[in-house]
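S.K.: Dropping in work-v3.txt, which is compact mmCIF, C-alpha atoms:
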```txt
# COMPACT_ATOMS: atom_id res chain seq x y z
CA MET A 1 32.54 -117.66 74.65
CA PRO A 2 34.95 -116.94 71.80
CA PRO A 3 38.31 -115.59 72.57
CA SER A 4 39.00 -111.89 72.62
CA SER A 5 39.43 -110.20 69.28
CA ALA A 6 42.62 -108.55 70.53
CA ALA A 7 44.31 -111.95 71.04
CA ALA A 8 42.92 -113.79 68.03
CA PRO A 9 44.58 -113.40 64.64
CA PRO A 10 42.55 -111.72 61.88
CA PRO A 11 40.46 -113.97 59.68
CA SER A 12 41.75 -114.94 56.31
CA PRO A 13 40.54 -112.98 53.27
CA SER A 14 38.44 -115.87 52.12
CA ALA A 15 36.64 -115.95 55.44
CA ARG A 16 35.54 -112.32 55.43
CA PHE A 17 32.63 -113.13 53.22
CA PRO A 18 31.51 -116.56 54.34
CA ASP A 19 29.60 -118.86 52.07
CA ALA A 20 27.47 -120.45 54.76
CA ALA A 21 24.16 -119.06 55.89
CA PRO A 22 24.14 -117.30 59.26
CA THR A 23 23.20 -119.50 62.19
CA VAL A 24 22.10 -116.79 64.51
CA GLY A 25 18.72 -117.73 65.82
CA ARG A 26 18.48 -120.82 63.60
CA GLY A 27 18.18 -124.30 65.03
CA ALA A 28 17.74 -123.14 68.62
CA PRO A 29 15.14 -125.34 70.22
CA ARG A 30 12.12 -123.75 71.72
CA GLY A 31 12.21 -123.82 75.49
CA GLY A 32 15.99 -123.70 75.94
CA GLY A 33 17.01 -127.03 74.28
CA ALA A 34 20.49 -127.71 72.99
CA ALA A 35 21.58 -125.92 69.95
CA GLN A 36 21.74 -127.87 66.70
CA ALA A 37 24.59 -127.54 64.24
CA PRO A 38 23.62 -125.37 61.37
CA SER A 39 23.29 -126.95 58.02
CA ARG A 40 25.72 -125.80 55.35
CA ARG A 41 25.87 -125.97 51.66
CA PRO A 42 27.70 -128.92 50.25
CA GLY A 43 31.17 -127.94 49.16
CA ALA A 44 31.38 -124.88 51.46
CA PRO A 45 34.42 -124.68 53.79
CA ALA A 46 33.86 -125.63 57.38
CA GLN A 47 33.51 -122.97 60.02
CA THR A 48 36.66 -122.52 62.07
CA SER A 49 37.03 -121.58 65.68
CA THR A 50 38.75 -118.35 64.79
CA GLU A 51 35.73 -116.85 63.03
CA THR A 52 33.71 -114.51 65.16
CA THR A 53 30.96 -113.70 62.71
CA ALA A 54 28.39 -115.87 61.13
CA ARG A 55 28.74 -116.51 57.47
CA LEU A 56 26.28 -115.00 55.10
CA ARG A 57 24.20 -117.43 53.10
CA PRO A 58 24.76 -116.98 49.37
CA ILE A 59 21.78 -116.33 47.12
CA PRO A 60 20.93 -119.52 45.33
CA ALA A 61 21.01 -119.45 41.52
CA ALA A 62 17.85 -121.53 41.22
CA PRO A 63 15.46 -121.60 44.18
CA GLU A 64 13.75 -124.65 42.78
CA ALA A 65 17.04 -126.57 42.74
CA GLU A 66 17.87 -125.70 46.32
CA THR A 67 14.42 -126.62 47.49
CA ALA A 68 14.80 -129.91 45.81
CA ALA A 69 18.20 -130.36 47.49
CA GLY A 70 16.66 -130.09 50.93
CA THR A 71 17.65 -126.58 51.92
CA ASP A 72 15.56 -124.62 54.32
CA VAL A 73 14.81 -121.76 51.86
CA PRO A 74 11.02 -121.58 51.69
CA ALA A 75 9.43 -121.62 48.25
CA PRO A 76 7.54 -118.52 47.24
CA ARG A 77 3.84 -118.71 48.02
CA ALA A 78 1.25 -118.12 45.38
CA ALA A 79 -0.53 -114.83 45.63
CA VAL A 80 -3.96 -115.27 47.09
CA PRO A 81 -6.38 -112.53 46.21
CA PRO A 82 -7.61 -110.85 49.35
CA SER A 83 -11.22 -110.96 50.21
CA GLY A 84 -13.49 -109.32 52.69
CA PRO A 85 -14.17 -105.72 53.53
CA ALA A 86 -10.85 -105.22 55.28
CA ALA A 87 -8.75 -106.71 52.47
CA PRO A 88 -5.97 -104.42 51.30
CA ARG A 89 -6.08 -103.01 47.76
CA THR A 90 -4.12 -104.85 45.12
CA PRO A 91 -0.97 -102.88 44.20
CA ASP A 92 -0.77 -101.50 40.70
CA PRO A 93 1.34 -103.87 38.55
CA ALA A 94 2.73 -100.85 36.74
CA LEU A 95 4.48 -99.80 39.97
CA SER A 96 6.21 -103.14 40.45
CA TRP A 97 9.94 -103.43 39.95
CA SER A 98 9.34 -106.44 37.78
CA THR A 99 7.23 -104.48 35.24
CA PRO A 100 8.91 -104.44 31.82
CA HIS A 101 10.05 -101.00 30.83
CA ASP A 102 12.13 -99.36 28.17
CA PRO A 103 15.61 -98.65 29.56
CA ARG A 104 16.03 -95.70 27.19
CA PRO A 105 15.06 -92.30 28.67
CA LEU A 106 11.95 -90.61 27.28
CA ILE A 107 12.82 -87.21 25.82
CA SER A 108 10.21 -84.72 24.55
CA PHE A 109 10.83 -81.44 22.82
CA GLY A 110 9.05 -78.28 23.90
CA GLU A 111 6.88 -76.32 21.51
CA PRO A 112 8.76 -73.34 20.00
CA GLU A 113 7.64 -69.94 21.12
CA GLY A 114 7.36 -66.61 19.35
CA TYR A 115 6.26 -63.19 20.47
CA ASP A 116 3.18 -61.18 19.68
CA GLY A 117 2.87 -57.42 19.17
CA LEU A 118 3.06 -56.84 22.96
CA ALA A 119 6.23 -58.94 23.34
CA ARG A 120 4.31 -61.74 25.01
CA PRO A 121 5.39 -65.35 24.31
CA ARG A 122 3.06 -67.30 22.08
CA PRO A 123 3.37 -70.63 20.28
CA LEU A 124 4.60 -70.50 16.71
CA GLY A 125 2.94 -72.19 13.77
CA GLY A 126 -0.28 -70.23 13.39
CA ARG A 127 -2.74 -67.81 14.93
CA PRO A 128 -4.05 -68.36 18.41
CA ARG A 129 -7.35 -70.15 18.16
CA PRO A 130 -9.57 -67.21 19.25
CA GLN A 131 -7.97 -64.91 16.68
CA ALA A 132 -8.30 -67.51 13.94
CA VAL A 133 -11.99 -67.96 14.75
CA ALA A 134 -12.58 -64.20 14.74
CA ALA A 135 -10.78 -63.83 11.41
CA ALA A 136 -12.87 -66.60 9.90
CA VAL A 137 -16.09 -64.99 11.14
CA CYS A 138 -15.10 -61.59 9.71
CA LEU A 139 -14.25 -63.21 6.39
CA VAL A 140 -17.61 -64.95 6.21
CA LEU A 141 -19.49 -61.76 7.11
CA GLY A 142 -17.53 -59.71 4.57
CA VAL A 143 -18.19 -62.18 1.78
CA GLY A 144 -21.86 -62.28 2.73
CA LEU A 145 -22.21 -58.49 2.69
CA LEU A 146 -20.40 -58.20 -0.62
CA THR A 147 -22.51 -60.94 -2.17
CA GLY A 148 -25.69 -59.31 -0.87
CA ALA A 149 -24.72 -55.92 -2.26
CA VAL A 150 -23.89 -57.36 -5.67
CA THR A 151 -27.09 -59.39 -5.71
CA GLY A 152 -29.21 -56.40 -4.66
CA SER A 153 -27.58 -54.22 -7.27
CA TRP A 154 -28.21 -56.89 -9.91
CA LEU A 155 -31.83 -57.35 -8.89
CA ALA A 156 -32.45 -53.61 -8.81
CA GLY A 157 -30.60 -53.07 -12.08
CA ASP A 158 -28.49 -50.37 -10.39
CA SER A 159 -24.80 -49.63 -10.98
CA GLY A 160 -22.42 -46.69 -10.97
CA GLU A 161 -23.26 -45.92 -14.59
CA ASP A 162 -26.98 -46.22 -13.86
CA GLY A 163 -26.56 -43.81 -10.94
CA ALA A 164 -24.96 -41.22 -13.21
CA ARG A 165 -27.72 -41.78 -15.77
CA SER A 166 -30.34 -41.27 -13.06
CA ALA A 167 -28.81 -37.91 -12.06
CA TYR A 168 -28.71 -36.86 -15.71
CA THR A 169 -32.34 -37.88 -16.19
CA GLU A 170 -33.34 -36.11 -12.97
CA ALA A 171 -31.75 -32.90 -14.21
CA GLY A 172 -33.81 -33.13 -17.39
CA ASP A 173 -37.03 -33.22 -15.36
CA LEU A 174 -36.30 -30.19 -13.19
CA TRP A 175 -38.32 -27.86 -15.41
CA HIS A 176 -41.60 -29.28 -14.02
CA SER A 177 -40.45 -30.64 -10.62
CA VAL A 178 -38.74 -27.53 -9.20
CA PRO A 179 -40.57 -24.27 -8.38
CA VAL A 180 -39.78 -21.33 -10.61
CA ASP A 181 -38.46 -19.33 -7.66
CA GLN A 182 -35.68 -21.91 -7.22
CA LEU A 183 -34.67 -21.89 -10.86
CA PHE A 184 -35.10 -18.12 -11.27
CA PRO A 185 -34.86 -16.58 -7.77
CA PRO A 186 -36.69 -13.24 -7.37
CA THR A 187 -33.42 -11.62 -6.29
CA LEU A 188 -29.88 -12.63 -7.20
CA LEU A 189 -26.75 -11.29 -5.56
CA GLY A 190 -23.59 -10.97 -7.63
CA LYS A 191 -20.72 -10.35 -5.23
CA GLY A 192 -17.79 -9.13 -7.30
CA ALA A 193 -19.69 -9.80 -10.53
CA GLY A 194 -19.57 -6.20 -11.85
CA PRO A 195 -16.76 -4.37 -13.62
CA GLY A 196 -13.66 -4.07 -11.46
CA GLY A 197 -15.06 -6.62 -8.98
CA ALA A 198 -18.02 -4.45 -8.00
CA ASP A 199 -21.03 -6.13 -6.41
CA ARG A 200 -24.26 -6.51 -8.32
CA THR A 201 -27.88 -7.08 -7.34
CA TRP A 202 -30.48 -8.24 -9.86
CA THR A 203 -34.24 -8.27 -9.49
CA ARG A 204 -36.56 -10.45 -11.53
CA VAL A 205 -39.14 -8.39 -13.47
CA ALA A 206 -40.81 -11.04 -15.63
CA VAL A 207 -41.07 -14.81 -16.18
CA ALA A 208 -42.13 -16.17 -19.57
CA PRO A 209 -44.61 -19.07 -19.72
CA ASP A 210 -42.82 -22.33 -20.27
CA GLY A 211 -43.24 -23.81 -23.73
CA ASP A 212 -41.45 -25.21 -26.73
CA CYS A 213 -38.78 -23.42 -28.69
CA ALA A 214 -40.94 -22.29 -31.58
CA GLY A 215 -40.04 -18.67 -32.40
CA ALA A 216 -37.72 -18.39 -29.38
CA PHE A 217 -34.46 -18.25 -31.39
CA ASP A 218 -33.23 -16.82 -34.62
CA ARG A 219 -33.12 -19.29 -37.48
CA LEU A 220 -29.37 -19.94 -37.41
CA LEU A 221 -29.25 -20.51 -33.65
CA ALA A 222 -32.30 -22.77 -33.83
CA LYS A 223 -30.53 -24.81 -36.51
CA ALA A 224 -27.38 -25.09 -34.38
CA LEU A 225 -29.43 -26.36 -31.42
CA ASP A 226 -31.56 -28.71 -33.48
CA PRO A 227 -29.33 -31.87 -32.93
CA VAL A 228 -30.22 -31.94 -29.21
CA GLY A 229 -33.92 -31.14 -29.63
CA CYS A 230 -36.13 -29.03 -27.42
CA SER A 231 -38.07 -30.49 -24.53
CA ARG A 232 -38.92 -27.24 -22.69
CA LEU A 233 -37.79 -23.64 -22.63
CA LEU A 234 -37.86 -21.48 -19.46
CA ARG A 235 -37.03 -17.76 -19.50
CA ALA A 236 -36.94 -14.84 -17.04
CA THR A 237 -35.85 -11.19 -17.35
CA TYR A 238 -33.92 -9.26 -14.66
CA THR A 239 -32.85 -5.69 -14.15
CA ASP A 240 -29.99 -4.21 -12.14
CA ALA A 241 -30.33 -2.06 -9.00
CA THR A 242 -30.37 1.17 -11.05
CA GLN A 243 -32.78 -0.27 -13.63
CA SER A 244 -30.42 0.87 -16.35
CA HIS A 245 -29.84 -2.61 -17.78
CA VAL A 246 -32.09 -5.54 -18.57
CA THR A 247 -31.05 -9.15 -19.07
CA THR A 248 -32.99 -12.24 -20.17
CA VAL A 249 -31.81 -15.61 -18.88
CA GLY A 250 -32.96 -18.88 -20.49
CA LEU A 251 -32.84 -22.61 -19.65
CA LEU A 252 -33.31 -24.85 -22.69
CA PHE A 253 -34.08 -28.43 -21.56
CA THR A 254 -33.09 -30.72 -24.44
CA LYS A 255 -34.07 -34.27 -25.43
CA ALA A 256 -30.48 -35.39 -25.93
CA ASP A 257 -28.40 -37.89 -23.98
CA ALA A 258 -25.04 -37.11 -22.46
CA ALA A 259 -23.10 -38.10 -25.58
CA ALA A 260 -25.11 -35.73 -27.79
CA MET A 261 -24.71 -32.89 -25.28
CA THR A 262 -20.96 -33.48 -25.16
CA ALA A 263 -20.79 -33.42 -28.95
CA LEU A 264 -22.70 -30.12 -29.07
CA ALA A 265 -20.49 -28.57 -26.39
CA ASP A 266 -17.38 -29.58 -28.32
CA ARG A 267 -18.82 -28.06 -31.50
CA PHE A 268 -19.61 -24.74 -29.79
CA GLU A 269 -16.11 -24.65 -28.32
CA LYS A 270 -14.16 -25.59 -31.44
CA GLN A 271 -16.19 -23.54 -33.91
CA GLY A 272 -16.70 -20.56 -31.62
CA LEU A 273 -20.46 -20.66 -32.09
CA GLY A 274 -21.05 -18.93 -28.78
CA ARG A 275 -19.24 -15.81 -30.05
CA ARG A 276 -21.02 -15.42 -33.37
CA GLU A 277 -23.27 -12.37 -33.61
CA ASP A 278 -25.72 -14.18 -35.89
CA LEU A 279 -26.22 -16.83 -33.18
CA MET A 280 -27.33 -14.44 -30.40
CA PRO A 281 -30.37 -15.56 -28.37
CA LEU A 282 -33.52 -13.47 -28.44
CA PRO A 283 -34.62 -11.50 -25.31
CA TYR A 284 -37.97 -11.76 -23.52
CA ALA A 285 -39.68 -8.36 -23.40
CA ALA A 286 -42.50 -8.18 -20.84
CA LYS A 287 -45.12 -5.46 -21.07
CA ASP A 288 -45.45 -2.93 -18.31
CA THR A 289 -41.89 -3.56 -17.09
CA VAL A 290 -38.56 -1.85 -17.62
CA ALA A 291 -37.91 -4.55 -20.23
CA ALA A 292 -40.93 -3.68 -22.37
CA GLY A 293 -38.72 -2.18 -25.12
CA PHE A 294 -36.08 -4.92 -24.98
CA GLY A 295 -36.08 -6.40 -28.49
CA ALA A 296 -33.64 -7.87 -30.96
CA PRO A 297 -32.10 -4.48 -31.96
CA GLN A 298 -31.35 -3.71 -28.29
CA ARG A 299 -29.17 -6.77 -27.73
CA ALA A 300 -25.70 -5.66 -26.62
CA SER A 301 -23.93 -8.74 -25.10
CA TRP A 302 -24.66 -12.47 -24.70
CA THR A 303 -23.32 -15.86 -23.58
CA VAL A 304 -24.29 -19.47 -24.37
CA SER A 305 -23.19 -22.47 -22.22
CA VAL A 306 -23.88 -26.09 -23.24
CA LEU A 307 -23.82 -28.37 -20.16
CA THR A 308 -22.52 -31.93 -20.43
CA ASP A 309 -23.72 -33.35 -17.10
CA ALA A 310 -27.32 -32.23 -17.65
CA PRO A 311 -29.48 -31.92 -20.78
CA VAL A 312 -29.61 -28.13 -20.46
CA VAL A 313 -28.34 -25.15 -22.44
CA VAL A 314 -27.98 -21.99 -20.34
CA TYR A 315 -27.88 -18.61 -22.06
CA ALA A 316 -28.26 -14.90 -21.29
CA VAL A 317 -28.55 -11.71 -23.36
CA SER A 318 -28.37 -8.12 -22.04
CA GLY A 319 -29.10 -4.57 -23.25
CA TRP A 320 -30.04 -1.09 -22.11
CA ALA A 321 -33.35 -0.54 -20.39
CA ASP A 322 -34.06 2.72 -22.30
CA GLY A 323 -34.50 0.88 -25.58
CA ARG A 324 -31.40 2.17 -27.36
CA THR A 325 -30.15 0.05 -30.23
CA VAL A 326 -26.67 -1.44 -30.47
CA ASP A 327 -24.80 -1.51 -33.73
CA GLU A 328 -21.91 -3.71 -32.61
CA PRO A 329 -22.89 -6.26 -29.96
CA GLU A 330 -20.02 -8.02 -28.21
CA PRO A 331 -19.88 -11.52 -26.66
CA ALA A 332 -19.75 -11.45 -22.87
CA GLU A 333 -16.45 -13.39 -22.79
CA GLU A 334 -14.83 -10.56 -24.72
CA ALA A 335 -16.70 -7.69 -23.06
CA ILE A 336 -15.52 -8.69 -19.57
CA GLU A 337 -11.85 -8.79 -20.52
CA SER A 338 -9.61 -6.12 -19.10
CA GLY A 339 -9.10 -3.26 -21.52
CA ALA A 340 -12.24 -3.90 -23.59
CA ALA A 341 -13.29 -0.53 -25.05
CA SER A 342 -16.62 -1.29 -26.73
CA ALA A 343 -19.81 0.39 -25.55
CA PRO A 344 -21.25 -2.83 -24.08
CA ALA A 345 -17.95 -3.46 -22.29
CA GLN A 346 -17.71 0.08 -20.91
CA ALA A 347 -21.32 -0.12 -19.67
CA GLY A 348 -20.73 -3.49 -18.00
CA LEU A 349 -23.33 -5.32 -20.09
CA GLY A 350 -20.95 -8.22 -20.60
CA HIS A 351 -20.73 -8.62 -16.80
CA GLU A 352 -24.54 -8.44 -16.62
CA ALA A 353 -25.00 -11.33 -19.05
CA LYS A 354 -22.19 -13.49 -17.69
CA GLY A 355 -22.98 -12.89 -14.01
CA LEU A 356 -26.69 -13.70 -14.33
CA ALA A 357 -26.09 -16.80 -16.47
CA ASP A 358 -23.61 -18.19 -13.94
CA ARG A 359 -25.94 -17.67 -10.98
CA VAL A 360 -28.95 -19.21 -12.67
CA GLU A 361 -26.76 -22.18 -13.55
CA ARG A 362 -25.74 -22.43 -9.89
CA ALA A 363 -29.39 -22.45 -8.84
CA LEU A 364 -30.00 -25.25 -11.33
CA ARG A 365 -27.10 -27.31 -10.00
CA LYS A 366 -28.23 -26.90 -6.41
CA ASN A 367 -31.29 -28.92 -7.35
CA ILE A 368 -29.24 -31.73 -8.90
CA GLY A 369 -26.46 -31.67 -6.27
CA THR A 370 -23.51 -30.78 -8.51
CA PRO A 371 -21.11 -27.88 -8.09
CA THR A 372 -21.07 -24.84 -10.30
CA GLU A 373 -18.83 -25.12 -13.35
CA HIS A 374 -18.19 -21.42 -13.92
CA PRO A 375 -17.97 -19.46 -10.66
CA SER A 376 -17.45 -15.73 -10.88
```
When written as structure tokens, how does the structure in this file appear?
M.R.:
Amino acid sequence: MPPSSAAAPPPSPSARFPDAAPTVGRGAPRGGGAAQAPSRRPGAPAQTSTETTARLRPIPAAPEAETAAGTDVPAPRAAVPPSGPAAPRTPDPALSWSTPHDPRPLISFGEPEGYDGLARPRPLGGRPRPQAVAAAVCLVLGVGLLTGAVTGSWLAGDSGEDGARSAYTEAGDLWHSVPVDQLFPPTLLGKGAGPGGADRTWTRVAVAPDGDCAGAFDRLLAKALDPVGCSRLLRATYTDATQSHVTTVGLLFTKADAAAMTALADRFEKQGLGRREDLMPLPYAAKDTVAAGFGAPQRASWTVSVLTDAPVVVYAVSGWADGRTVDEPEPAEEAIESGAASAPAQAGLGHEAKGLADRVERALRKNIGTPTEHPS
């Protein structure tokens, strides 16, 4: 047994890490035989009696060389692939320490984030896929609808200008497509249409048969209206609630287009044709009515309106129901002015002509869906 560590001197520094392989358990004969001296590497220092620990065997630089030199280091055995149902699974070579790998660390950058309208994080660089798909679908549908509308309009020959032309043409056909009671209602109410804002009520007493314009106007007025032609003429005569006044209202449906009607309206406005006494319309005197004596000498006030959105000229002429003649007729636009002192103005005949013409024009526009131009 080696001497006590308390009495023995400490080992030298070179002996703390021995070069020889440990002999513990090596060389001992089976069955209690004598111990054999351990083999040592050539050139290694001999073991002294002062050492109490076995030397560690150094790792050989080349196992093949040591095997050839007769050392007891066993050579590595070749891997034999296992077989049989109980054979263990072959380890993944990628998990082996000997697998080549890149010593540099793998670094990846995260995708930048933004925020949507609700302050929720979302990836930058484009729309989320569902929104992009929805936007693409809406775009395709919108283009398809627009293309279909354009194609349908082209096939049908319809456009905004054609729509306006259709309304204009429709207005020109109202004389035979609308009942007379809608164009000339049996009773017309004129709220605030009388002198001083007084209310008026007019009752229809006669309707003239529709026809052409032959003999319906004085020569000068017929000549002024000749550029637009005459398609049909409708007339009706009304009386007020007291049957003191009579008024004939007329609708002249022309053959002109919108440009010709606009030109005629400009001419009437600039030249003041609607105020000329020699261009007064003629009344319609119906027998056996309060208007039986209503002729050319009884005309007291009148108005003429040339429409530009319909091929129609609206006019009205008023007078006394008792057949009295008028020496100085006055246009309705002048007779309704404040301070007018003429007999027609004092009697309110200017209000009669203007009020009835406006309301018949309103009835006409109700059938073509356009608002009244001259409310009163």
S.K.: May I ask which of the residues A:Ala296, A:Ala258, A:Ala263, A:Leu349 is the closest one to Ser166 (chain A), counting all atoms listed in the file?
M.R.: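 Among A:Ala296, A:Ala258, A:Ala263, A:Leu349, it is A:Ala258 that comes nearest to Ser166 (chain A).
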S.K.: To one decimal in Å, tell me the separation between CA of Phe294 (chain A) and CA of Arg362 (chain A).
M.R.: 25.3 Å
S.K.: Which is closest to Leu183 (chain A) among A:Leu145, A:Gln298, A:Ala236, A:Lys354, if we use only C-alpha atoms?
M.R.: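 With only C-alpha atoms as the atom set, the closest residue is A:Ala236.
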S.K.: Determine the nearest neighbour of Phe184 (chain A) from the options A:Ala259, A:Leu141, A:Val249, A:Val228, counting all atoms listed in the file.
M.R.: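 For Phe184 (chain A), the nearest of the given residues is A:Val249.
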S.K.: Pick the closest to Pro344 (chain A) from A:Arg276, A:Lys270, A:His245, A:Lys255: which is it, counting all atoms listed in the file?
M.R.: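 Of the candidates, the smallest distance to Pro344 (chain A) is held by A:His245.
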S.K.: Residues within 7 Å of (-35.3, -17.3, -23.0), file coordinates, counting all atoms listed in the file: what are they? Give the list as a PDB file with C-alpha atoms, in the coordinates of the input.
M.R.:
```pdb
ATOM      1  CA  ALA A 216     -37.720 -18.390 -29.380  1.00  0.00           C
ATOM      2  CA  LEU A 233     -37.790 -23.640 -22.630  1.00  0.00           C
ATOM      3  CA  LEU A 234     -37.860 -21.480 -19.460  1.00  0.00           C
ATOM      4  CA  ARG A 235     -37.030 -17.760 -19.500  1.00  0.00           C
ATOM      5  CA  ALA A 236     -36.940 -14.840 -17.040  1.00  0.00           C
ATOM      6  CA  THR A 248     -32.990 -12.240 -20.170  1.00  0.00           C
ATOM      7  CA  VAL A 249     -31.810 -15.610 -18.880  1.00  0.00           C
ATOM      8  CA  GLY A 250     -32.960 -18.880 -20.490  1.00  0.00           C
ATOM      9  CA  LEU A 251     -32.840 -22.610 -19.650  1.00  0.00           C
ATOM     10  CA  LEU A 282     -33.520 -13.470 -28.440  1.00  0.00           C
ATOM     11  CA  PRO A 283     -34.620 -11.500 -25.310  1.00  0.00           C
ATOM     12  CA  TYR A 284     -37.970 -11.760 -23.520  1.00  0.00           C
TER      13      TYR A 284
END
```
S.K.: Between CA of Thr303 (chain A) and CA of Gly319 (chain A), what is the distance, to one decimal in Å?
M.R.: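 CA of Gly319 (chain A) lies at a distance of 12.7 Å from CA of Thr303 (chain A).
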S.K.: With all atoms listed in the file as the atoms that count, which of A:Lys366, A:Lys287, A:Arg324, A:Arg299 lies nearest to Val207 (chain A)?
M.R.: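 For Val207 (chain A), the nearest of the given residues is A:Lys287.
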S.K.: Could you please determine the separation between CA of Gly355 (chain A) and CA of Ala193 (chain A) in Å, to one decimal place?
M.R.: 5.7 Å
S.K.: Is there a way to get, as a compact mmCIF listing (two decimals) with C-alpha atoms, in the frame of the given file, all residues within 10 Å of the point (-33.6, 3.6, -21.7) in file coordinates, counting all atoms listed in the file?
M.R.:
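selection.txt, written as the output of this step:
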```
# COMPACT_ATOMS: atom_id res chain seq x y z
CA GLN A 243 -32.78 -0.27 -13.63
CA SER A 244 -30.42 0.87 -16.35
CA HIS A 245 -29.84 -2.61 -17.78
CA VAL A 246 -32.09 -5.54 -18.57
CA VAL A 290 -38.56 -1.85 -17.62
CA ALA A 291 -37.91 -4.55 -20.23
CA GLY A 293 -38.72 -2.18 -25.12
CA PHE A 294 -36.08 -4.92 -24.98
CA GLY A 319 -29.10 -4.57 -23.25
CA TRP A 320 -30.04 -1.09 -22.11
CA ALA A 321 -33.35 -0.54 -20.39
CA ASP A 322 -34.06 2.72 -22.30
CA GLY A 323 -34.50 0.88 -25.58
CA ARG A 324 -31.40 2.17 -27.36
CA THR A 325 -30.15 0.05 -30.23
```
S.K.: Between A:Lys223, A:Glu334, A:Leu189, A:Cys138, single out the one closest to Asp358 (chain A), counting only C-alpha atoms.
M.R.: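 Distance minimum relative to Asp358 (chain A) lands on A:Leu189.
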S.K.: Counting all atoms listed in the file, what is within 10 Å of Pro311 (chain A), bar same-chain residues fewer than 3 positions away, as a PyMOL selection string?
M.R.: chain A and resi 168-173+228-231+251-258+260-262+306-308
S.K.: Residues at most 12 Å from Gln346 (chain A), counting only C-alpha atoms, excluding those fewer than 2 positions away in the same chain, as number ranges by chain?
M.R.: A: 194-196, 300-301, 330, 332, 334-344, 348-352
